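What follows is the content of query.cif, which has mmCIF, C-alpha atoms; chains and numbers go by the auth columns:
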data_structure
loop_
_atom_site.group_PDB
_atom_site.id
_atom_site.type_symbol
_atom_site.label_atom_id
_atom_site.label_comp_id
_atom_site.label_asym_id
_atom_site.label_seq_id
_atom_site.Cartn_x
_atom_site.Cartn_y
_atom_site.Cartn_z
_atom_site.B_iso_or_equiv
_atom_site.auth_seq_id
_atom_site.auth_asym_id
ATOM 1 C CA MET A 1 0.000 0.000 0.000 0.00 15 A
ATOM 2 C CA ALA A 2 1.274 3.469 -0.892 0.00 16 A
ATOM 3 C CA THR A 3 2.010 6.041 1.762 0.00 17 A
ATOM 4 C CA LEU A 4 0.228 9.376 1.823 0.00 18 A
ATOM 5 C CA ILE A 5 3.323 11.225 0.562 0.00 19 A
ATOM 6 C CA GLU A 6 3.596 8.811 -2.359 0.00 20 A
ATOM 7 C CA ALA A 7 -0.077 9.326 -3.183 0.00 21 A
ATOM 8 C CA LEU A 8 0.280 13.123 -2.962 0.00 22 A
ATOM 9 C CA LYS A 9 3.341 13.124 -5.235 0.00 23 A
ATOM 10 C CA ALA A 10 1.587 10.900 -7.770 0.00 24 A
ATOM 11 C CA ASP A 11 -1.469 13.169 -7.647 0.00 25 A
ATOM 12 C CA PHE A 12 0.699 16.228 -8.364 0.00 26 A
ATOM 13 C CA THR A 13 2.335 14.545 -11.338 0.00 27 A
ATOM 14 C CA SER A 14 -1.034 13.533 -12.787 0.00 28 A
ATOM 15 C CA ARG A 15 -2.614 16.995 -12.536 0.00 29 A
ATOM 16 C CA ARG A 16 -1.140 18.458 -15.697 0.00 30 A
ATOM 17 C CA ARG A 17 -4.019 19.727 -17.826 0.00 31 A
ATOM 18 C CA LYS A 18 -4.710 21.594 -21.026 0.00 32 A
ATOM 19 C CA VAL A 19 -6.315 25.036 -21.190 0.00 33 A
ATOM 20 C CA GLU A 20 -7.226 26.607 -24.522 0.00 34 A
ATOM 21 C CA VAL A 21 -6.538 30.326 -24.917 0.00 35 A
ATOM 22 C CA LEU A 22 -7.408 32.024 -28.209 0.00 36 A
ATOM 23 C CA GLY A 23 -7.013 28.753 -30.085 0.00 37 A
ATOM 24 C CA PHE A 24 -3.677 27.869 -28.455 0.00 38 A
ATOM 25 C CA ASP A 25 -3.294 24.805 -26.230 0.00 39 A
ATOM 26 C CA VAL A 26 -1.512 25.673 -22.999 0.00 40 A
ATOM 27 C CA TRP A 27 -0.489 22.985 -20.525 0.00 41 A
ATOM 28 C CA VAL A 28 -0.309 23.765 -16.806 0.00 42 A
ATOM 29 C CA LYS A 29 0.416 22.002 -13.537 0.00 43 A
ATOM 30 C CA PRO A 30 -0.623 23.209 -10.098 0.00 44 A
ATOM 31 C CA MET A 31 1.752 25.207 -7.915 0.00 45 A
ATOM 32 C CA THR A 32 3.650 23.617 -5.049 0.00 46 A
ATOM 33 C CA SER A 33 3.934 25.263 -1.632 0.00 47 A
ATOM 34 C CA GLY A 34 7.576 26.018 -2.401 0.00 48 A
ATOM 35 C CA GLU A 35 6.654 27.741 -5.646 0.00 49 A
ATOM 36 C CA PHE A 36 4.024 29.855 -3.874 0.00 50 A
ATOM 37 C CA ALA A 37 6.585 30.902 -1.262 0.00 51 A
ATOM 38 C CA SER A 38 9.175 31.752 -3.890 0.00 52 A
ATOM 39 C CA LEU A 39 6.753 33.895 -5.899 0.00 53 A
ATOM 40 C CA SER A 40 5.494 35.667 -2.782 0.00 54 A
ATOM 41 C CA GLY A 41 9.060 36.561 -1.875 0.00 55 A
ATOM 42 C CA MET A 42 9.809 37.886 -5.362 0.00 56 A
ATOM 43 C CA HIS A 43 6.810 40.224 -5.534 0.00 57 A
ATOM 44 C CA PRO A 44 5.354 40.595 -2.026 0.00 58 A
ATOM 45 C CA THR A 45 3.281 43.705 -2.835 0.00 59 A
ATOM 46 C CA ASP A 46 2.437 43.252 -6.536 0.00 60 A
ATOM 47 C CA ASP A 47 -0.169 40.599 -7.308 0.00 61 A
ATOM 48 C CA ALA A 48 -0.049 41.331 -11.043 0.00 62 A
ATOM 49 C CA LEU A 49 3.711 40.698 -11.279 0.00 63 A
ATOM 50 C CA ARG A 50 3.338 37.602 -9.113 0.00 64 A
ATOM 51 C CA ASN A 51 0.635 36.277 -11.466 0.00 65 A
ATOM 52 C CA ALA A 52 2.750 37.099 -14.527 0.00 66 A
ATOM 53 C CA GLU A 53 5.727 35.240 -13.048 0.00 67 A
ATOM 54 C CA MET A 54 3.505 32.290 -12.171 0.00 68 A
ATOM 55 C CA ILE A 55 2.188 32.129 -15.740 0.00 69 A
ATOM 56 C CA ILE A 56 5.731 32.283 -17.139 0.00 70 A
ATOM 57 C CA ARG A 57 6.846 29.415 -14.908 0.00 71 A
ATOM 58 C CA LYS A 58 3.817 27.134 -15.190 0.00 72 A
ATOM 59 C CA CYS A 59 2.555 27.453 -18.793 0.00 73 A
ATOM 60 C CA THR A 60 4.093 25.102 -21.339 0.00 74 A
ATOM 61 C CA ASP A 61 3.358 23.602 -24.716 0.00 75 A
ATOM 62 C CA ALA A 62 2.467 19.924 -25.127 0.00 76 A
ATOM 63 C CA ASP A 63 6.177 19.016 -25.070 0.00 77 A
ATOM 64 C CA GLY A 64 6.804 20.826 -21.779 0.00 78 A
ATOM 65 C CA LYS A 65 8.612 23.842 -23.262 0.00 79 A
ATOM 66 C CA ARG A 66 7.753 27.161 -21.636 0.00 80 A
ATOM 67 C CA ILE A 67 5.478 29.328 -23.745 0.00 81 A
ATOM 68 C CA PHE A 68 6.446 32.644 -22.168 0.00 82 A
ATOM 69 C CA THR A 69 9.844 34.106 -21.236 0.00 83 A
ATOM 70 C CA LYS A 70 10.958 36.623 -18.624 0.00 84 A
ATOM 71 C CA ASP A 71 10.790 39.222 -21.402 0.00 85 A
ATOM 72 C CA ASP A 72 7.010 38.710 -21.474 0.00 86 A
ATOM 73 C CA LYS A 73 6.493 39.558 -17.784 0.00 87 A
ATOM 74 C CA LEU A 74 5.628 43.239 -18.153 0.00 88 A
ATOM 75 C CA ALA A 75 3.436 42.569 -21.189 0.00 89 A
ATOM 76 C CA LEU A 76 1.528 39.919 -19.227 0.00 90 A
ATOM 77 C CA ARG A 77 1.104 42.453 -16.418 0.00 91 A
ATOM 78 C CA ASN A 78 0.210 45.538 -18.461 0.00 92 A
ATOM 79 C CA GLU A 79 -0.785 44.655 -22.020 0.00 93 A
ATOM 80 C CA VAL A 80 -2.925 41.507 -21.807 0.00 94 A
ATOM 81 C CA ALA A 81 -6.597 41.361 -20.843 0.00 95 A
ATOM 82 C CA GLY A 82 -6.984 39.826 -17.405 0.00 96 A
ATOM 83 C CA ASP A 83 -9.954 37.743 -18.488 0.00 97 A
ATOM 84 C CA ARG A 84 -7.666 35.905 -20.946 0.00 98 A
ATOM 85 C CA LEU A 85 -5.225 35.087 -18.153 0.00 99 A
ATOM 86 C CA GLY A 86 -7.938 34.104 -15.658 0.00 100 A
ATOM 87 C CA PRO A 87 -8.422 30.541 -16.966 0.00 101 A
ATOM 88 C CA LEU A 88 -4.662 29.932 -16.812 0.00 102 A
ATOM 89 C CA ILE A 89 -4.405 31.253 -13.274 0.00 103 A
ATOM 90 C CA ALA A 90 -7.448 29.237 -12.215 0.00 104 A
ATOM 91 C CA ALA A 91 -5.942 26.054 -13.675 0.00 105 A
ATOM 92 C CA ILE A 92 -2.674 26.677 -11.818 0.00 106 A
ATOM 93 C CA VAL A 93 -4.065 27.622 -8.397 0.00 107 A
ATOM 94 C CA GLY A 94 -7.616 26.253 -8.562 0.00 108 A
ATOM 95 C CA SER A 95 -9.219 23.049 -7.453 0.00 109 A
ATOM 96 C CA SER A 96 -8.068 19.653 -8.592 0.00 110 A
ATOM 97 C CA VAL A 97 -10.004 18.038 -11.432 0.00 111 A
ATOM 98 C CA ASP A 98 -11.524 15.588 -8.936 0.00 112 A
ATOM 99 C CA ASP A 99 -12.735 18.436 -6.720 0.00 113 A
ATOM 100 C CA ALA A 100 -14.232 20.292 -9.707 0.00 114 A
ATOM 101 C CA GLU A 101 -16.056 17.166 -10.891 0.00 115 A
ATOM 102 C CA LYS A 102 -17.605 16.643 -7.429 0.00 116 A
ATOM 103 C CA ASN A 103 -19.125 20.155 -7.450 0.00 117 A
#
Here is the file; what I need is its structure written in the form of structure tokens.
Amino acid sequence: MATLIEALKADFTSRRRKVEVLGFDVWVKPMTSGEFASLSGMHPTDDALRNAEMIIRKCTDADGKRIFTKDDKLALRNEVAGDRLGPLIAAIVGSSVDDAEKN
């Protein structure tokens, strides 16, 4: 029988999912506690920069290559409609697929 930590690690690995944005397939995985802490330390008073950094780190193509670069951070913060980023952010920090299916 697996231990809880083994089950949690397997769950994390399996939670990669696809989000479509303007006809593009974007793949995301949820954030870990360590990633949340790191992002909070980088931008403690700027939620928009923290979200931009999170999107840069967590959004990939189907092969796992990052879609955005550090050069995109200010554009993500200032030049992109928030409602287009919302589904990506929700997929990264939102409920697990199992939790969403239960509701």
Env of region 36-53 of chain A: 10 Å cut, atoms = all atoms listed in the file, seq-sep filter 2 positions within chain, self excluded. Answer as JSON, numbers by chain.
{"A": [26, 27, 28, 29, 30, 31, 32, 33, 34, 55, 56, 57, 58, 61, 63, 64, 65, 67, 68, 69, 71, 72, 73, 74, 75, 76, 77, 78, 79, 80, 81, 98, 102, 103, 104, 105, 106, 107, 108, 109, 110]}
Distance criterion (only C-alpha atoms): nearest to Lys84 (chain A) out of A:Ile19, A:Ala66, A:Val35, A:Asp25
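That would be A:Ala66, the residue with the smallest distance to Lys84 (chain A).
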Could you state the separation of CA of Asp85 (chain A) and CA of Asp60 (chain A) in Å, given to one decimal place?
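Result for CA of Asp85 (chain A) versus CA of Asp60 (chain A): 17.5 Å, one decimal.
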Please write N, CA, C and O atoms of region 24-54 of chain A, from the structure given just now, as a PDB file, in the first residue's frame.
ATOM      1  N   ALA A  24       2.178  11.445  -6.549  1.00  0.00           N
ATOM      2  CA  ALA A  24       1.587  10.900  -7.770  1.00  0.00           C
ATOM      3  C   ALA A  24       0.432  11.786  -8.244  1.00  0.00           C
ATOM      4  O   ALA A  24       0.262  12.019  -9.453  1.00  0.00           O
ATOM      5  N   ASP A  25      -0.366  12.272  -7.309  1.00  0.00           N
ATOM      6  CA  ASP A  25      -1.469  13.169  -7.647  1.00  0.00           C
ATOM      7  C   ASP A  25      -0.944  14.426  -8.330  1.00  0.00           C
ATOM      8  O   ASP A  25      -1.467  14.859  -9.351  1.00  0.00           O
ATOM      9  N   PHE A  26       0.117  15.018  -7.789  1.00  0.00           N
ATOM     10  CA  PHE A  26       0.699  16.228  -8.364  1.00  0.00           C
ATOM     11  C   PHE A  26       1.145  15.976  -9.803  1.00  0.00           C
ATOM     12  O   PHE A  26       0.849  16.745 -10.702  1.00  0.00           O
ATOM     13  N   THR A  27       1.835  14.887 -10.009  1.00  0.00           N
ATOM     14  CA  THR A  27       2.335  14.545 -11.338  1.00  0.00           C
ATOM     15  C   THR A  27       1.194  14.366 -12.339  1.00  0.00           C
ATOM     16  O   THR A  27       1.296  14.756 -13.502  1.00  0.00           O
ATOM     17  N   SER A  28       0.083  13.823 -11.883  1.00  0.00           N
ATOM     18  CA  SER A  28      -1.034  13.533 -12.787  1.00  0.00           C
ATOM     19  C   SER A  28      -1.920  14.744 -13.075  1.00  0.00           C
ATOM     20  O   SER A  28      -2.817  14.660 -13.908  1.00  0.00           O
ATOM     21  N   ARG A  29      -1.692  15.861 -12.427  1.00  0.00           N
ATOM     22  CA  ARG A  29      -2.614  16.995 -12.536  1.00  0.00           C
ATOM     23  C   ARG A  29      -2.278  17.979 -13.652  1.00  0.00           C
ATOM     24  O   ARG A  29      -2.856  19.058 -13.725  1.00  0.00           O
ATOM     25  N   ARG A  30      -1.419  17.612 -14.538  1.00  0.00           N
ATOM     26  CA  ARG A  30      -1.140  18.458 -15.697  1.00  0.00           C
ATOM     27  C   ARG A  30      -2.396  18.467 -16.574  1.00  0.00           C
ATOM     28  O   ARG A  30      -2.973  17.427 -16.852  1.00  0.00           O
ATOM     29  N   ARG A  31      -2.828  19.671 -16.980  1.00  0.00           N
ATOM     30  CA  ARG A  31      -4.019  19.727 -17.826  1.00  0.00           C
ATOM     31  C   ARG A  31      -3.912  20.832 -18.871  1.00  0.00           C
ATOM     32  O   ARG A  31      -3.142  21.773 -18.729  1.00  0.00           O
ATOM     33  N   LYS A  32      -4.728  20.681 -19.889  1.00  0.00           N
ATOM     34  CA  LYS A  32      -4.710  21.594 -21.026  1.00  0.00           C
ATOM     35  C   LYS A  32      -5.784  22.664 -20.856  1.00  0.00           C
ATOM     36  O   LYS A  32      -6.915  22.378 -20.481  1.00  0.00           O
ATOM     37  N   VAL A  33      -5.396  23.902 -21.179  1.00  0.00           N
ATOM     38  CA  VAL A  33      -6.315  25.036 -21.190  1.00  0.00           C
ATOM     39  C   VAL A  33      -6.171  25.686 -22.564  1.00  0.00           C
ATOM     40  O   VAL A  33      -5.058  25.934 -23.023  1.00  0.00           O
ATOM     41  N   GLU A  34      -7.282  25.941 -23.224  1.00  0.00           N
ATOM     42  CA  GLU A  34      -7.226  26.607 -24.522  1.00  0.00           C
ATOM     43  C   GLU A  34      -7.388  28.108 -24.337  1.00  0.00           C
ATOM     44  O   GLU A  34      -8.292  28.576 -23.635  1.00  0.00           O
ATOM     45  N   VAL A  35      -6.482  28.865 -24.960  1.00  0.00           N
ATOM     46  CA  VAL A  35      -6.538  30.326 -24.917  1.00  0.00           C
ATOM     47  C   VAL A  35      -6.381  30.838 -26.343  1.00  0.00           C
ATOM     48  O   VAL A  35      -5.333  30.625 -26.972  1.00  0.00           O
ATOM     49  N   LEU A  36      -7.418  31.451 -26.866  1.00  0.00           N
ATOM     50  CA  LEU A  36      -7.408  32.024 -28.209  1.00  0.00           C
ATOM     51  C   LEU A  36      -6.933  31.026 -29.264  1.00  0.00           C
ATOM     52  O   LEU A  36      -6.184  31.354 -30.179  1.00  0.00           O
ATOM     53  N   GLY A  37      -7.361  29.787 -29.124  1.00  0.00           N
ATOM     54  CA  GLY A  37      -7.013  28.753 -30.085  1.00  0.00           C
ATOM     55  C   GLY A  37      -5.681  28.069 -29.840  1.00  0.00           C
ATOM     56  O   GLY A  37      -5.307  27.161 -30.572  1.00  0.00           O
ATOM     57  N   PHE A  38      -4.957  28.485 -28.800  1.00  0.00           N
ATOM     58  CA  PHE A  38      -3.677  27.869 -28.455  1.00  0.00           C
ATOM     59  C   PHE A  38      -3.875  26.920 -27.282  1.00  0.00           C
ATOM     60  O   PHE A  38      -4.558  27.259 -26.309  1.00  0.00           O
ATOM     61  N   ASP A  39      -3.267  25.751 -27.345  1.00  0.00           N
ATOM     62  CA  ASP A  39      -3.294  24.805 -26.230  1.00  0.00           C
ATOM     63  C   ASP A  39      -2.143  25.120 -25.279  1.00  0.00           C
ATOM     64  O   ASP A  39      -0.981  25.160 -25.695  1.00  0.00           O
ATOM     65  N   VAL A  40      -2.497  25.367 -24.034  1.00  0.00           N
ATOM     66  CA  VAL A  40      -1.512  25.673 -22.999  1.00  0.00           C
ATOM     67  C   VAL A  40      -1.622  24.593 -21.933  1.00  0.00           C
ATOM     68  O   VAL A  40      -2.727  24.286 -21.478  1.00  0.00           O
ATOM     69  N   TRP A  41      -0.511  24.033 -21.550  1.00  0.00           N
ATOM     70  CA  TRP A  41      -0.489  22.985 -20.525  1.00  0.00           C
ATOM     71  C   TRP A  41       0.020  23.556 -19.220  1.00  0.00           C
ATOM     72  O   TRP A  41       1.014  24.283 -19.195  1.00  0.00           O
ATOM     73  N   VAL A  42      -0.697  23.254 -18.123  1.00  0.00           N
ATOM     74  CA  VAL A  42      -0.309  23.765 -16.806  1.00  0.00           C
ATOM     75  C   VAL A  42      -0.338  22.651 -15.771  1.00  0.00           C
ATOM     76  O   VAL A  42      -1.034  21.650 -15.930  1.00  0.00           O
ATOM     77  N   LYS A  43       0.442  22.845 -14.728  1.00  0.00           N
ATOM     78  CA  LYS A  43       0.416  22.002 -13.537  1.00  0.00           C
ATOM     79  C   LYS A  43       0.151  22.911 -12.349  1.00  0.00           C
ATOM     80  O   LYS A  43       0.470  24.105 -12.399  1.00  0.00           O
ATOM     81  N   PRO A  44      -0.382  22.372 -11.273  1.00  0.00           N
ATOM     82  CA  PRO A  44      -0.623  23.209 -10.098  1.00  0.00           C
ATOM     83  C   PRO A  44       0.685  23.669  -9.460  1.00  0.00           C
ATOM     84  O   PRO A  44       1.749  23.106  -9.732  1.00  0.00           O
ATOM     85  N   MET A  45       0.592  24.681  -8.644  1.00  0.00           N
ATOM     86  CA  MET A  45       1.752  25.207  -7.915  1.00  0.00           C
ATOM     87  C   MET A  45       2.023  24.340  -6.689  1.00  0.00           C
ATOM     88  O   MET A  45       1.095  23.810  -6.083  1.00  0.00           O
ATOM     89  N   THR A  46       3.287  24.253  -6.311  1.00  0.00           N
ATOM     90  CA  THR A  46       3.650  23.617  -5.049  1.00  0.00           C
ATOM     91  C   THR A  46       3.740  24.699  -3.972  1.00  0.00           C
ATOM     92  O   THR A  46       3.807  25.895  -4.287  1.00  0.00           O
ATOM     93  N   SER A  47       3.779  24.301  -2.729  1.00  0.00           N
ATOM     94  CA  SER A  47       3.934  25.263  -1.632  1.00  0.00           C
ATOM     95  C   SER A  47       5.235  26.041  -1.779  1.00  0.00           C
ATOM     96  O   SER A  47       5.285  27.247  -1.523  1.00  0.00           O
ATOM     97  N   GLY A  48       6.287  25.356  -2.204  1.00  0.00           N
ATOM     98  CA  GLY A  48       7.576  26.018  -2.401  1.00  0.00           C
ATOM     99  C   GLY A  48       7.518  27.073  -3.492  1.00  0.00           C
ATOM    100  O   GLY A  48       8.121  28.145  -3.370  1.00  0.00           O
ATOM    101  N   GLU A  49       6.795  26.767  -4.564  1.00  0.00           N
ATOM    102  CA  GLU A  49       6.654  27.741  -5.646  1.00  0.00           C
ATOM    103  C   GLU A  49       5.855  28.954  -5.184  1.00  0.00           C
ATOM    104  O   GLU A  49       6.192  30.093  -5.515  1.00  0.00           O
ATOM    105  N   PHE A  50       4.792  28.730  -4.419  1.00  0.00           N
ATOM    106  CA  PHE A  50       4.024  29.855  -3.874  1.00  0.00           C
ATOM    107  C   PHE A  50       4.914  30.744  -3.014  1.00  0.00           C
ATOM    108  O   PHE A  50       4.882  31.972  -3.128  1.00  0.00           O
ATOM    109  N   ALA A  51       5.712  30.138  -2.147  1.00  0.00           N
ATOM    110  CA  ALA A  51       6.585  30.902  -1.262  1.00  0.00           C
ATOM    111  C   ALA A  51       7.611  31.699  -2.057  1.00  0.00           C
ATOM    112  O   ALA A  51       7.871  32.871  -1.761  1.00  0.00           O
ATOM    113  N   SER A  52       8.182  31.074  -3.059  1.00  0.00           N
ATOM    114  CA  SER A  52       9.175  31.752  -3.890  1.00  0.00           C
ATOM    115  C   SER A  52       8.569  32.957  -4.597  1.00  0.00           C
ATOM    116  O   SER A  52       9.160  34.054  -4.598  1.00  0.00           O
ATOM    117  N   LEU A  53       7.401  32.797  -5.195  1.00  0.00           N
ATOM    118  CA  LEU A  53       6.753  33.895  -5.899  1.00  0.00           C
ATOM    119  C   LEU A  53       6.341  35.014  -4.945  1.00  0.00           C
ATOM    120  O   LEU A  53       6.450  36.193  -5.283  1.00  0.00           O
ATOM    121  N   SER A  54       5.880  34.649  -3.771  1.00  0.00           N
ATOM    122  CA  SER A  54       5.494  35.667  -2.782  1.00  0.00           C
ATOM    123  C   SER A  54       6.694  36.497  -2.359  1.00  0.00           C
ATOM    124  O   SER A  54       6.582  37.708  -2.165  1.00  0.00           O
TER     125      SER A  54
END
